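K.L.:
Next comes the structure file final-v4.csv, holding CSV, C-alpha atoms.
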chain,number,residue,atom,x,y,z
I,1,ASN,CA,16.1,67.4,30.2
I,2,VAL,CA,14.1,64.3,31.1
I,3,THR,CA,15.7,61.3,32.7
I,4,VAL,CA,14.5,58.0,31.5
I,5,VAL,CA,14.2,55.6,34.4
I,6,PRO,CA,14.6,52.0,33.3
I,7,ILE,CA,12.3,49.3,34.4
I,8,THR,CA,14.4,46.3,35.5
I,9,LEU,CA,12.2,43.2,35.7
I,10,SER,CA,13.0,40.5,38.1
I,11,LYS,CA,13.0,37.2,36.2
I,12,ASN,CA,12.9,35.1,39.3
I,13,ASN,CA,9.9,37.0,40.8
I,14,SER,CA,7.9,37.4,37.6
I,15,ARG,CA,5.8,34.6,36.2
I,16,VAL,CA,3.4,33.5,33.4
I,17,GLU,CA,0.2,31.7,34.1
I,18,CYS,CA,-2.7,30.5,31.9
I,19,THR,CA,-6.2,30.0,33.1
I,20,SER,CA,-6.7,26.7,31.3
I,21,THR,CA,-4.5,23.9,30.0
I,22,GLN,CA,-7.0,23.0,27.2
I,23,ALA,CA,-8.9,25.0,24.6
I,24,VAL,CA,-11.1,24.3,21.6
I,25,ALA,CA,-9.7,25.4,18.2
I,26,ALA,CA,-10.2,29.1,17.5
I,27,GLU,CA,-11.3,29.7,21.1
I,28,ASN,CA,-9.7,32.8,22.8
I,29,ILE,CA,-7.1,31.8,25.3
I,30,LYS,CA,-6.1,34.2,28.2
I,31,CYS,CA,-2.8,34.0,30.0
I,32,THR,CA,-1.4,36.5,32.6
I,33,VAL,CA,2.1,37.9,33.1
I,34,THR,CA,2.8,39.0,36.6
I,35,ALA,CA,5.6,41.6,36.2
I,36,THR,CA,7.7,42.3,39.3
I,37,LYS,CA,10.7,44.6,39.5
I,38,VAL,CA,14.0,43.7,41.0
I,39,ASP,CA,13.1,45.9,44.1
I,40,GLY,CA,10.0,43.7,44.6
I,41,SER,CA,7.4,46.2,43.5
I,42,PHE,CA,5.0,45.6,40.6
I,43,VAL,CA,5.3,47.1,37.2
I,44,THR,CA,2.3,49.5,36.8
I,45,GLU,CA,3.1,51.3,33.6
I,46,PRO,CA,0.5,50.4,30.9
I,47,SER,CA,3.1,51.1,28.2
I,48,TYR,CA,5.3,48.3,29.5
I,49,ALA,CA,3.1,45.9,27.5
I,50,SER,CA,5.1,46.9,24.5
I,51,ALA,CA,8.3,45.7,26.2
I,52,LEU,CA,6.8,42.2,26.4
I,53,SER,CA,6.9,39.9,23.4
I,54,ALA,CA,4.6,36.8,23.4
I,55,GLY,CA,4.6,34.1,20.7
I,56,VAL,CA,2.9,30.7,20.5
I,57,ILE,CA,4.3,27.6,18.7
I,58,SER,CA,2.2,24.5,18.2
I,59,THR,CA,3.1,20.9,17.4
I,60,SER,CA,0.6,21.3,14.5
I,61,GLY,CA,3.0,23.7,12.9
I,62,GLU,CA,0.9,26.7,13.6
I,63,ARG,CA,2.6,29.9,14.9
I,64,VAL,CA,0.9,33.0,16.2
I,65,ALA,CA,1.9,36.2,17.9
I,66,ALA,CA,-0.1,36.9,21.0
I,67,GLU,CA,-1.5,40.3,22.0
I,68,VAL,CA,-0.2,41.8,25.2
I,69,SER,CA,-2.1,44.5,27.1
I,70,TYR,CA,-2.2,46.1,30.6
I,71,SER,CA,-5.0,44.7,32.7
I,72,GLY,CA,-5.3,47.7,35.0
I,73,LEU,CA,-4.2,45.8,38.0
I,74,ASP,CA,-0.7,46.3,39.4
I,75,GLY,CA,1.8,44.1,37.7
I,76,GLN,CA,-0.9,42.2,35.7
I,77,TYR,CA,-0.6,42.1,31.9
I,78,ASN,CA,-3.0,40.0,29.8
I,79,VAL,CA,-1.8,37.8,27.0
I,80,LEU,CA,-4.5,36.9,24.5
I,81,PHE,CA,-4.4,34.5,21.5
I,82,ASN,CA,-6.1,31.6,19.7
I,83,MET,CA,-5.0,28.6,17.7
I,84,LYS,CA,-7.0,27.0,14.9
I,85,ARG,CA,-5.1,23.8,14.4
I,86,ALA,CA,-5.3,21.0,17.0
I,87,GLY,CA,-2.0,20.2,18.8
I,88,LYS,CA,0.1,21.1,21.8
I,89,ALA,CA,0.7,24.9,21.9
I,90,ARG,CA,3.5,26.4,23.9
I,91,LEU,CA,3.5,30.1,25.0
I,92,TYR,CA,6.8,31.9,25.2
I,93,VAL,CA,6.9,35.4,26.8
I,94,ARG,CA,10.0,37.5,26.6
I,95,TYR,CA,11.0,40.8,28.2
I,96,GLN,CA,13.6,43.4,27.5
I,97,SER,CA,16.8,42.8,29.5
I,98,THR,CA,20.3,44.3,29.2
I,99,ASN,CA,21.1,41.3,27.0
I,100,GLY,CA,18.1,41.8,24.7
I,101,LEU,CA,14.9,39.7,24.8
I,102,ASP,CA,15.0,37.1,27.5
I,103,LEU,CA,12.4,34.5,28.5
I,104,ILE,CA,10.4,35.1,31.7
I,105,ASP,CA,9.8,31.4,32.2
I,106,GLU,CA,12.3,29.0,30.8
I,107,THR,CA,9.5,26.3,30.8
I,108,PRO,CA,6.8,27.6,28.6
I,109,GLN,CA,3.1,27.3,29.4
I,110,GLN,CA,1.5,24.5,27.4
I,111,ILE,CA,-2.1,24.4,26.2
I,112,ASP,CA,-3.7,21.5,24.4
I,113,ILE,CA,-5.7,22.7,21.4
I,114,VAL,CA,-8.5,20.2,20.7
I,115,ALA,CA,-10.8,19.9,17.6
I,116,GLY,CA,-14.2,21.6,17.6
I,117,ASP,CA,-17.6,20.2,16.7
I,118,ILE,CA,-18.2,18.4,13.4
I,119,SER,CA,-18.6,20.7,10.5
I,120,VAL,CA,-20.7,19.5,7.6
I,121,SER,CA,-19.0,22.0,5.3
I,122,ALA,CA,-15.5,20.6,6.1
I,123,SER,CA,-16.3,16.9,6.5
I,124,GLN,CA,-15.8,14.5,3.5
I,125,LEU,CA,-17.6,11.5,2.1
I,126,GLU,CA,-16.1,8.6,0.1
I,127,CYS,CA,-18.1,5.7,-1.3
I,128,PHE,CA,-17.5,2.4,-3.1
I,129,ALA,CA,-20.2,0.6,-5.1
I,130,SER,CA,-21.1,-3.0,-4.4
I,131,ASP,CA,-20.2,-5.7,-6.9
I,132,ASP,CA,-23.7,-5.6,-8.2
I,133,ALA,CA,-27.3,-4.8,-7.2
I,134,THR,CA,-27.5,-7.8,-4.8
I,135,GLY,CA,-24.8,-6.4,-2.5
I,136,SER,CA,-24.3,-3.4,-0.1
I,137,SER,CA,-22.3,-0.3,-1.1
I,138,SER,CA,-20.0,1.0,1.6
I,139,CYS,CA,-19.2,4.6,2.5
I,140,THR,CA,-16.8,6.3,4.9
I,141,ILE,CA,-17.4,9.8,6.4
I,142,TYR,CA,-14.3,11.7,7.4
I,143,ALA,CA,-15.3,14.1,10.1
I,144,PHE,CA,-13.6,17.5,10.5
I,145,ASP,CA,-14.3,20.7,12.3
I,146,GLU,CA,-14.5,24.0,10.5
I,147,TYR,CA,-10.7,24.4,10.6
I,148,GLN,CA,-10.0,20.9,9.1
I,149,ASN,CA,-9.1,19.3,12.4
I,150,PRO,CA,-10.1,15.6,12.5
I,151,THR,CA,-12.9,15.3,15.1
I,152,GLY,CA,-15.8,13.2,16.3
I,153,SER,CA,-16.5,10.3,18.7
I,154,ALA,CA,-18.6,7.2,18.9
I,155,ASP,CA,-21.4,9.4,20.4
I,156,ASP,CA,-21.8,11.1,17.1
I,157,ALA,CA,-22.3,7.9,15.1
I,158,GLY,CA,-26.1,7.9,15.5
I,159,ALA,CA,-26.5,11.3,13.8
I,160,PHE,CA,-25.2,10.1,10.4
I,161,GLU,CA,-27.2,8.6,7.6
I,162,LEU,CA,-26.8,8.1,3.8
I,163,VAL,CA,-29.3,9.1,1.2
I,164,ALA,CA,-29.0,7.9,-2.4
I,165,SER,CA,-30.8,9.8,-5.2
I,166,ARG,CA,-31.3,9.4,-8.9
I,167,ALA,CA,-33.7,11.1,-11.3
I,168,ASN,CA,-37.1,9.5,-11.6
I,169,TYR,CA,-36.3,7.0,-8.8
I,170,PRO,CA,-37.3,7.1,-5.1
I,171,SER,CA,-34.6,7.9,-2.7
I,172,VAL,CA,-32.8,5.1,-0.8
I,173,ARG,CA,-31.7,5.5,2.8
I,174,SER,CA,-29.1,3.6,4.8
I,175,THR,CA,-30.7,1.4,7.5
I,176,GLY,CA,-27.7,-0.4,9.1
I,177,THR,CA,-25.7,0.6,12.2
I,178,VAL,CA,-23.1,3.3,11.8
I,179,SER,CA,-19.7,2.2,13.1
I,180,PHE,CA,-17.1,4.6,14.4
I,181,VAL,CA,-13.4,3.6,13.9
I,182,SER,CA,-11.8,4.1,17.3
I,183,GLY,CA,-8.9,6.5,17.3
I,184,THR,CA,-9.8,8.1,13.9
I,185,ASN,CA,-12.3,10.5,12.6
I,186,GLN,CA,-14.0,7.9,10.4
I,187,TYR,CA,-17.6,6.7,10.4
I,188,ARG,CA,-18.5,3.7,8.2
I,189,LEU,CA,-22.0,3.1,6.8
I,190,SER,CA,-23.5,0.8,4.2
I,191,ILE,CA,-26.5,1.3,1.9
I,192,ASP,CA,-28.5,-1.2,-0.2
I,193,ILE,CA,-29.3,0.0,-3.7
I,194,ARG,CA,-31.2,-2.5,-5.8
I,195,ALA,CA,-31.8,-0.5,-9.0
I,196,ALA,CA,-28.9,-0.5,-11.4
I,197,GLY,CA,-27.5,2.8,-12.7
I,198,ASN,CA,-25.7,5.9,-11.5
I,199,TRP,CA,-26.6,7.1,-8.1
I,200,GLN,CA,-25.5,10.2,-6.1
I,201,ILE,CA,-24.8,9.5,-2.4
I,202,GLU,CA,-25.3,12.2,0.2
I,203,ALA,CA,-24.3,12.0,3.9
I,204,ARG,CA,-26.5,13.8,6.4
I,205,TYR,CA,-25.5,14.8,9.9
I,206,GLY,CA,-28.3,15.6,12.4
I,207,ALA,CA,-31.8,16.4,11.3
I,208,SER,CA,-31.1,18.0,7.9
I,209,SER,CA,-27.5,19.1,7.5
I,210,ALA,CA,-25.8,17.5,4.6
I,211,ILE,CA,-22.0,16.9,4.2
I,212,ALA,CA,-20.8,19.2,1.5
I,213,THR,CA,-19.0,16.6,-0.6
I,214,LYS,CA,-21.1,14.0,-2.4
I,215,ALA,CA,-20.2,10.7,-4.0
I,216,MET,CA,-21.2,9.1,-7.3
I,217,ILE,CA,-21.4,5.3,-7.6
I,218,THR,CA,-22.6,3.0,-10.4
I,219,ILE,CA,-24.6,0.0,-9.5
I,220,LEU,CA,-24.4,-2.9,-11.9
I,221,PRO,CA,-27.1,-5.5,-12.5
I,222,GLY,CA,-26.9,-8.8,-10.6
I,223,PRO,CA,-26.8,-12.3,-12.0
I,224,ILE,CA,-29.6,-13.4,-14.3
I,225,ALA,CA,-32.9,-14.3,-12.7
I,226,LEU,CA,-34.7,-16.8,-15.0
I,227,SER,CA,-38.1,-15.8,-13.6
I,228,ASN,CA,-37.6,-12.2,-14.7
I,229,THR,CA,-36.0,-13.0,-18.1
I,230,HIS,CA,-38.3,-13.6,-21.1
I,231,ILE,CA,-38.4,-14.1,-24.8
I,232,ASP,CA,-40.6,-12.5,-27.4
I,233,CYS,CA,-41.0,-13.9,-30.9
I,234,GLY,CA,-43.0,-10.9,-31.9
I,235,THR,CA,-45.4,-12.6,-34.3
I,236,ASN,CA,-47.2,-15.9,-34.6
I,237,SER,CA,-46.1,-16.4,-38.2
I,238,VAL,CA,-43.1,-16.2,-40.4
I,239,PRO,CA,-42.7,-16.6,-44.2
I,240,ALA,CA,-41.2,-19.8,-45.4
I,241,ILE,CA,-37.5,-19.9,-46.3
I,242,SER,CA,-36.8,-16.9,-44.1
I,243,LYS,CA,-35.0,-15.9,-40.9
I,244,GLY,CA,-37.1,-16.1,-37.8
I,245,ARG,CA,-36.1,-14.0,-34.7
I,246,CYS,CA,-37.0,-14.2,-31.0
I,247,LEU,CA,-35.7,-11.4,-28.8
I,248,ILE,CA,-34.4,-12.2,-25.3
I,249,THR,CA,-34.7,-9.7,-22.5
I,250,ALA,CA,-32.4,-10.7,-19.6
I,251,LYS,CA,-33.0,-9.3,-16.1
I,252,ASP,CA,-31.7,-9.9,-12.6
I,253,ALA,CA,-33.7,-10.6,-9.4
I,254,TYR,CA,-34.6,-6.9,-9.1
I,255,SER,CA,-35.7,-6.6,-12.7
I,256,ASN,CA,-32.6,-4.7,-13.8
I,257,LEU,CA,-31.9,-5.1,-17.5
I,258,ILE,CA,-28.7,-7.0,-18.1
I,259,LYS,CA,-26.7,-5.7,-21.1
I,260,PRO,CA,-26.1,-8.6,-23.5
I,261,THR,CA,-22.6,-9.7,-24.4
I,262,PRO,CA,-21.2,-12.4,-26.6
I,263,LYS,CA,-20.1,-14.3,-23.4
I,264,LEU,CA,-23.6,-14.0,-21.9
I,265,SER,CA,-25.3,-15.2,-25.1
I,266,LYS,CA,-23.3,-18.4,-25.0
I,267,ASP,CA,-25.3,-19.4,-21.8
I,268,PHE,CA,-28.5,-19.4,-23.9
I,269,VAL,CA,-29.5,-22.0,-26.5
I,270,GLY,CA,-32.6,-22.0,-28.8
I,271,LEU,CA,-34.6,-25.2,-29.4
I,272,VAL,CA,-36.7,-25.1,-32.6
I,273,LYS,CA,-38.9,-28.1,-33.2
I,274,TYR,CA,-40.7,-28.5,-36.6
I,275,GLN,CA,-44.2,-29.9,-36.6
I,276,PRO,CA,-45.1,-30.4,-40.3
I,277,PHE,CA,-48.5,-30.2,-41.9
I,278,SER,CA,-47.3,-32.6,-44.6
I,279,GLU,CA,-45.9,-36.0,-44.5
I,280,HIS,CA,-43.2,-34.7,-46.9
I,281,VAL,CA,-41.6,-32.8,-44.0
I,282,LYS,CA,-40.1,-35.0,-41.4
I,283,ASP,CA,-40.4,-34.3,-37.6
I,284,ASP,CA,-37.2,-32.5,-36.7
I,285,HIS,CA,-35.7,-30.3,-34.0
I,286,ARG,CA,-32.6,-28.2,-34.1
I,287,PHE,CA,-30.5,-26.4,-31.5
I,288,ASN,CA,-29.9,-22.8,-32.6
I,289,GLU,CA,-27.3,-20.3,-31.3
I,290,VAL,CA,-28.3,-17.2,-29.5
I,291,VAL,CA,-26.5,-14.1,-30.9
I,292,VAL,CA,-26.0,-10.5,-29.9
I,293,LEU,CA,-27.5,-7.9,-32.3
I,294,ASP,CA,-27.0,-4.2,-32.6
I,295,GLY,CA,-28.7,-1.5,-34.5
I,296,SER,CA,-26.6,-2.0,-37.6
I,297,ASP,CA,-28.2,-5.4,-38.3
I,298,GLY,CA,-31.5,-3.9,-39.3
I,299,SER,CA,-33.3,-5.0,-36.1
I,300,GLY,CA,-34.4,-1.4,-35.5
I,301,SER,CA,-33.0,-1.6,-32.0
I,302,ASP,CA,-31.0,1.3,-30.7
I,303,SER,CA,-29.3,-0.8,-28.0
I,304,THR,CA,-27.7,-4.1,-28.1
I,305,THR,CA,-30.1,-7.1,-27.7
I,306,MET,CA,-29.9,-10.9,-27.8
I,307,ALA,CA,-31.9,-12.9,-30.3
I,308,LEU,CA,-32.5,-16.4,-31.2
I,309,MET,CA,-32.1,-16.6,-35.0
I,310,TYR,CA,-33.5,-19.6,-36.9
I,311,ASP,CA,-34.3,-20.7,-40.5
I,312,SER,CA,-37.9,-21.4,-41.3
I,313,PRO,CA,-38.6,-24.4,-43.6
I,314,SER,CA,-39.8,-24.1,-47.2
I,315,LEU,CA,-43.1,-25.9,-46.6
I,316,ALA,CA,-46.1,-25.0,-44.3
I,317,SER,CA,-45.5,-26.1,-40.8
I,318,ILE,CA,-45.7,-25.1,-37.1
I,319,LEU,CA,-42.5,-24.3,-35.3
I,320,SER,CA,-42.3,-24.8,-31.5
I,321,VAL,CA,-39.7,-22.3,-30.3
I,322,ARG,CA,-38.1,-22.4,-26.8
I,323,VAL,CA,-35.0,-20.8,-25.3
I,324,LEU,CA,-33.0,-22.6,-22.6
I,325,TYR,CA,-30.6,-21.0,-20.1
I,326,LYS,CA,-27.5,-22.8,-18.8
I,327,SER,CA,-26.8,-22.1,-15.2
I,328,SER,CA,-24.8,-23.8,-12.5
I,329,SER,CA,-27.9,-25.7,-11.5
I,330,GLY,CA,-28.6,-27.0,-15.0
I,331,LEU,CA,-30.8,-26.0,-18.0
I,332,GLY,CA,-33.9,-23.9,-17.4
I,333,SER,CA,-36.6,-22.7,-19.8
I,334,VAL,CA,-36.8,-19.0,-20.3
I,335,PRO,CA,-40.4,-17.7,-19.7
I,336,PRO,CA,-43.0,-17.9,-21.1
I,337,GLY,CA,-41.8,-21.2,-22.4
I,338,GLU,CA,-42.9,-22.5,-25.8
I,339,PHE,CA,-43.9,-20.2,-28.7
I,340,ASN,CA,-45.8,-21.7,-31.6
I,341,VAL,CA,-45.0,-20.0,-34.9
I,342,THR,CA,-46.8,-20.8,-38.1
I,343,VAL,CA,-44.7,-21.0,-41.3
I,344,VAL,CA,-46.6,-19.4,-44.1
I,345,PRO,CA,-45.7,-21.1,-47.4
I,346,ILE,CA,-44.8,-19.1,-50.5
I,347,THR,CA,-46.8,-20.6,-53.5
I,348,LEU,CA,-45.5,-19.4,-56.8
I,349,SER,CA,-47.7,-18.9,-59.8
I,350,LYS,CA,-45.9,-20.5,-62.7
I,351,ASN,CA,-48.1,-18.8,-65.2
I,352,ASN,CA,-47.6,-15.3,-63.8
I,353,SER,CA,-43.9,-15.6,-63.1
I,354,ARG,CA,-41.2,-15.1,-65.7
I,355,VAL,CA,-37.5,-14.9,-66.5
I,356,GLU,CA,-36.0,-12.2,-68.6
I,357,CYS,CA,-32.5,-11.3,-69.7
I,358,THR,CA,-31.4,-7.8,-70.6
I,359,SER,CA,-29.5,-9.0,-73.7
I,360,THR,CA,-29.6,-11.9,-76.1
I,361,GLN,CA,-25.8,-11.6,-76.7
I,362,ALA,CA,-22.7,-11.2,-74.6
I,363,VAL,CA,-18.9,-11.1,-75.0
I,364,ALA,CA,-17.0,-14.0,-73.4
I,365,ALA,CA,-16.4,-13.3,-69.7
I,366,GLU,CA,-18.8,-10.4,-69.7
I,367,ASN,CA,-21.3,-10.3,-66.8
I,368,ILE,CA,-24.8,-11.2,-67.9
I,369,LYS,CA,-27.8,-10.1,-65.9
I,370,CYS,CA,-31.2,-11.8,-66.0
I,371,THR,CA,-34.3,-11.1,-63.8
I,372,VAL,CA,-36.8,-13.5,-62.3
I,373,THR,CA,-40.2,-11.9,-61.6
I,374,ALA,CA,-41.7,-14.0,-58.9
I,375,THR,CA,-45.5,-13.8,-58.5
I,376,LYS,CA,-47.6,-15.6,-55.9
I,377,VAL,CA,-50.8,-17.4,-56.9
I,378,ASP,CA,-52.8,-14.6,-55.2
What's the structure tokens form of this structure?
P.N.:
Amino acid sequence: NVTVVPITLSKNNSRVECTSTQAVAAENIKCTVTATKVDGSFVTEPSYASALSAGVISTSGERVAAEVSYSGLDGQYNVLFNMKRAGKARLYVRYQSTNGLDLIDETPQQIDIVAGDISVSASQLECFASDDATGSSSCTIYAFDEYQNPTGSADDAGAFELVASRANYPSVRSTGTVSFVSGTNQYRLSIDIRAAGNWQIEARYGASSAIATKAMITILPGPIALSNTHIDCGTNSVPAISKGRCLITAKDAYSNLIKPTPKLSKDFVGLVKYQPFSEHVKDDHRFNEVVVLDGSDGSGSDSTTMALMYDSPSLASILSVRVLYKSSSGLGSVPPGEFNVTVVPITLSKNNSRVECTSTQAVAAENIKCTVTATKVD
């Protein structure tokens, strides 16, 4: 027969102590239970560790069970744990009493769990494109440690930069000051991208580490720059009684192509002046509308373009063609200015031309087809 001698702990003479009141997320935290019996002696049995129950509850919502082990010193039992979420952690240590589990300290030990260093794999990037290529795009970096705790300070701001990349274009880097939003984990940066199109934005922290998340933004062309916009009439001559065409290429101050729209085309007007060879053609000038063309009109263009369309006269003449642009400052001439286009007359040979009808008779209301074979004098 073996008599089991109970260990009766003195709640008043026992205590729980932690070596620190603050720890970084996931850092091991060590606390000590000094176990004293009611007779004033220390508990020295290693197995008594199993009679102690330690749990940690944090204001972050995280809960863990701590490990309790005998330290080898009389009455000293180690309590080890770690917390991964930032918050105020409270350690509760209970012992076996005649009434079940009871707290050693009614006031639990409190440890502040703080965020760790910035993690490039956990941090996030959010970007918003500027209105157009003339403005600055803005980005915000949300800094987190590896356990998704918001982290960072103003001292880290200088380590961040933005790099924008696009196929077949040189990279663009942010050059402005990085601002830290006090009381948050946010860093705000701006970047000036002058080439229109889709760009991928990457945030870097330190020498080469890149934030895992990347952002895509689309830069739109800026307002029309008349100095970069031009017309091309393609040829120095057009046949008489035909449609002439001058294509308009609109660009902004950074030479970005501006997609034509019906609204944009209304800001352009074509001025065609007739300079006749013959006194039978009077001096004249006409204002012509600029229209938007697409590939379906036979222009051969795959993308939408703007064009000045005009009617050439029936007689030989020289046309002076200009395109004007209406802006808030008034009318301006689109470079290179005036185009001189020669109207090549069509001289029909009466002797070699003929009219033929397929039939010499037709029923009333029946369609009749005849053909004119038009032959030039050459």
K.L.:
Which is closest to Ser60 in chain I among I:Leu91, I:Ile219, I:Leu73, I:Ala86, if we use all atoms listed in the file?
P.N.:
I:Ala86
K.L.:
Can you pull out the residues contacting Cys233 in chain I? Cut-off 9 Å, using only C-alpha atoms, and skip same-chain residues under 3 positions away; I want them as a PDB file with C-alpha atoms, keeping the file's coordinate frame.
P.N.:
ATOM      1  CA  ASN I 236     -47.200 -15.900 -34.600  1.00  0.00           C
ATOM      2  CA  GLY I 244     -37.100 -16.100 -37.800  1.00  0.00           C
ATOM      3  CA  ARG I 245     -36.100 -14.000 -34.700  1.00  0.00           C
ATOM      4  CA  CYS I 246     -37.000 -14.200 -31.000  1.00  0.00           C
ATOM      5  CA  LEU I 247     -35.700 -11.400 -28.800  1.00  0.00           C
ATOM      6  CA  ILE I 248     -34.400 -12.200 -25.300  1.00  0.00           C
ATOM      7  CA  LEU I 308     -32.500 -16.400 -31.200  1.00  0.00           C
ATOM      8  CA  VAL I 321     -39.700 -22.300 -30.300  1.00  0.00           C
ATOM      9  CA  PHE I 339     -43.900 -20.200 -28.700  1.00  0.00           C
ATOM     10  CA  VAL I 341     -45.000 -20.000 -34.900  1.00  0.00           C
TER      11      VAL I 341
END
K.L.:
Rounded to one decimal place, report the CA of Asp39 in chain I-CA of Asp74 in chain I distance in Å.
P.N.:
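These atoms are spaced 14.6 Å apart.
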K.L.:
Would you pick out the contacts of Cys31 in chain I at 10 Å or less, using all atoms listed in the file, so that residues sharing its chain but fewer than 4 positions from it are not included, and give the list as number ranges by chain?
P.N.:
I: 16-20, 66, 68, 77-81, 91, 109
K.L.:
Please produce, as a tab-separated table, a per-residue contact table for range 79-140 of chain I versus range 34-38 of chain I (criterion: any atom at most 12 Å away, only C-alpha atoms considered), showing the nearest atom pair and its distance in Å to one decimal, sorted by chain then residue number.
P.N.:
residue	atom	partner	partner_atom	distance
I:Val79	CA	I:Thr34	CA	10.7
I:Val93	CA	I:Thr34	CA	11.2
I:Arg94	CA	I:Ala35	CA	11.3
I:Tyr95	CA	I:Ala35	CA	9.7
I:Gln96	CA	I:Ala35	CA	12.0
I:Ser97	CA	I:Lys37	CA	11.9
I:Ile104	CA	I:Ala35	CA	9.2
I:Asp105	CA	I:Thr34	CA	11.2
K.L.:
Those same residues - C-alpha atoms - I'd like them written as a CSV table (one decimal), in the frame of the given file.
P.N.:
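File selection16.csv, as written:
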chain,number,residue,atom,x,y,z
I,79,VAL,CA,-1.8,37.8,27.0
I,93,VAL,CA,6.9,35.4,26.8
I,94,ARG,CA,10.0,37.5,26.6
I,95,TYR,CA,11.0,40.8,28.2
I,96,GLN,CA,13.6,43.4,27.5
I,97,SER,CA,16.8,42.8,29.5
I,104,ILE,CA,10.4,35.1,31.7
I,105,ASP,CA,9.8,31.4,32.2
K.L.:
Suppose you want the space between CA of Thr218 in chain I and CA of Gly197 in chain I; what is it in Å?
P.N.:
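According to the coordinates, CA of Thr218 in chain I and CA of Gly197 in chain I are separated by 5.4 Å.
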K.L.:
Please report the interatomic distance between CA of Ala159 in chain I and CA of Ser137 in chain I in Å with one decimal.
P.N.:
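So the two atoms, CA of Ala159 in chain I and CA of Ser137 in chain I, lie 19.3 Å apart.
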K.L.:
Please identify all polymer residues within 10 Å of Arg90 in chain I, counting all atoms listed in the file, omitting same-chain residues fewer than 5 positions from it, and present them as a ChimeraX atom specification.
P.N.:
/I:55-59,63,107-112
K.L.:
In the coordinates of the file, take the point (-26.3, 17.2, 9.0) and a cut-off of 9 Å; then, counting all atoms listed in the file, name each qualifying protein, DNA or RNA residue as a ChimeraX atom specification.
P.N.:
/I:119-120,159-161,203-211
K.L.:
I want to know what sits within 12 Å of Ser123 in chain I, based on only C-alpha atoms, with residues of the same chain fewer than 6 positions away left out; could you give that as a PDB file with C-alpha atoms, keeping the file's coordinate frame?
P.N.:
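The resulting file, selection_29.pdb, is shown below:
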ATOM      1  CA  ASP I 117     -17.600  20.200  16.700  1.00  0.00           C
ATOM      2  CA  THR I 140     -16.800   6.300   4.900  1.00  0.00           C
ATOM      3  CA  ILE I 141     -17.400   9.800   6.400  1.00  0.00           C
ATOM      4  CA  TYR I 142     -14.300  11.700   7.400  1.00  0.00           C
ATOM      5  CA  ALA I 143     -15.300  14.100  10.100  1.00  0.00           C
ATOM      6  CA  PHE I 144     -13.600  17.500  10.500  1.00  0.00           C
ATOM      7  CA  ASP I 145     -14.300  20.700  12.300  1.00  0.00           C
ATOM      8  CA  GLU I 146     -14.500  24.000  10.500  1.00  0.00           C
ATOM      9  CA  TYR I 147     -10.700  24.400  10.600  1.00  0.00           C
ATOM     10  CA  GLN I 148     -10.000  20.900   9.100  1.00  0.00           C
ATOM     11  CA  ASN I 149      -9.100  19.300  12.400  1.00  0.00           C
ATOM     12  CA  PRO I 150     -10.100  15.600  12.500  1.00  0.00           C
ATOM     13  CA  THR I 151     -12.900  15.300  15.100  1.00  0.00           C
ATOM     14  CA  GLY I 152     -15.800  13.200  16.300  1.00  0.00           C
ATOM     15  CA  PHE I 160     -25.200  10.100  10.400  1.00  0.00           C
ATOM     16  CA  ASN I 185     -12.300  10.500  12.600  1.00  0.00           C
ATOM     17  CA  GLN I 186     -14.000   7.900  10.400  1.00  0.00           C
ATOM     18  CA  TYR I 187     -17.600   6.700  10.400  1.00  0.00           C
ATOM     19  CA  GLU I 202     -25.300  12.200   0.200  1.00  0.00           C
ATOM     20  CA  ALA I 203     -24.300  12.000   3.900  1.00  0.00           C
ATOM     21  CA  ARG I 204     -26.500  13.800   6.400  1.00  0.00           C
ATOM     22  CA  TYR I 205     -25.500  14.800   9.900  1.00  0.00           C
ATOM     23  CA  SER I 209     -27.500  19.100   7.500  1.00  0.00           C
ATOM     24  CA  ALA I 210     -25.800  17.500   4.600  1.00  0.00           C
ATOM     25  CA  ILE I 211     -22.000  16.900   4.200  1.00  0.00           C
ATOM     26  CA  ALA I 212     -20.800  19.200   1.500  1.00  0.00           C
ATOM     27  CA  THR I 213     -19.000  16.600  -0.600  1.00  0.00           C
ATOM     28  CA  LYS I 214     -21.100  14.000  -2.400  1.00  0.00           C
TER      29      LYS I 214
END
K.L.:
Which polymer residues have any atom within 10 Å of an atom of range 368-374 of chain I, counting only C-alpha atoms, with same-chain residues fewer than 6 positions away left out, as a PyMOL selection string?
P.N.:
chain I and resi 347-350+352-362
K.L.:
Deliver the residues from the most recent selection as a file, using C-alpha atoms, as a PDB file, keeping the file's coordinate frame.
P.N.:
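out08.pdb was written with the following content:
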ATOM      1  CA  THR I 347     -46.800 -20.600 -53.500  1.00  0.00           C
ATOM      2  CA  LEU I 348     -45.500 -19.400 -56.800  1.00  0.00           C
ATOM      3  CA  SER I 349     -47.700 -18.900 -59.800  1.00  0.00           C
ATOM      4  CA  LYS I 350     -45.900 -20.500 -62.700  1.00  0.00           C
ATOM      5  CA  ASN I 352     -47.600 -15.300 -63.800  1.00  0.00           C
ATOM      6  CA  SER I 353     -43.900 -15.600 -63.100  1.00  0.00           C
ATOM      7  CA  ARG I 354     -41.200 -15.100 -65.700  1.00  0.00           C
ATOM      8  CA  VAL I 355     -37.500 -14.900 -66.500  1.00  0.00           C
ATOM      9  CA  GLU I 356     -36.000 -12.200 -68.600  1.00  0.00           C
ATOM     10  CA  CYS I 357     -32.500 -11.300 -69.700  1.00  0.00           C
ATOM     11  CA  THR I 358     -31.400  -7.800 -70.600  1.00  0.00           C
ATOM     12  CA  SER I 359     -29.500  -9.000 -73.700  1.00  0.00           C
ATOM     13  CA  THR I 360     -29.600 -11.900 -76.100  1.00  0.00           C
ATOM     14  CA  GLN I 361     -25.800 -11.600 -76.700  1.00  0.00           C
ATOM     15  CA  ALA I 362     -22.700 -11.200 -74.600  1.00  0.00           C
TER      16      ALA I 362
END
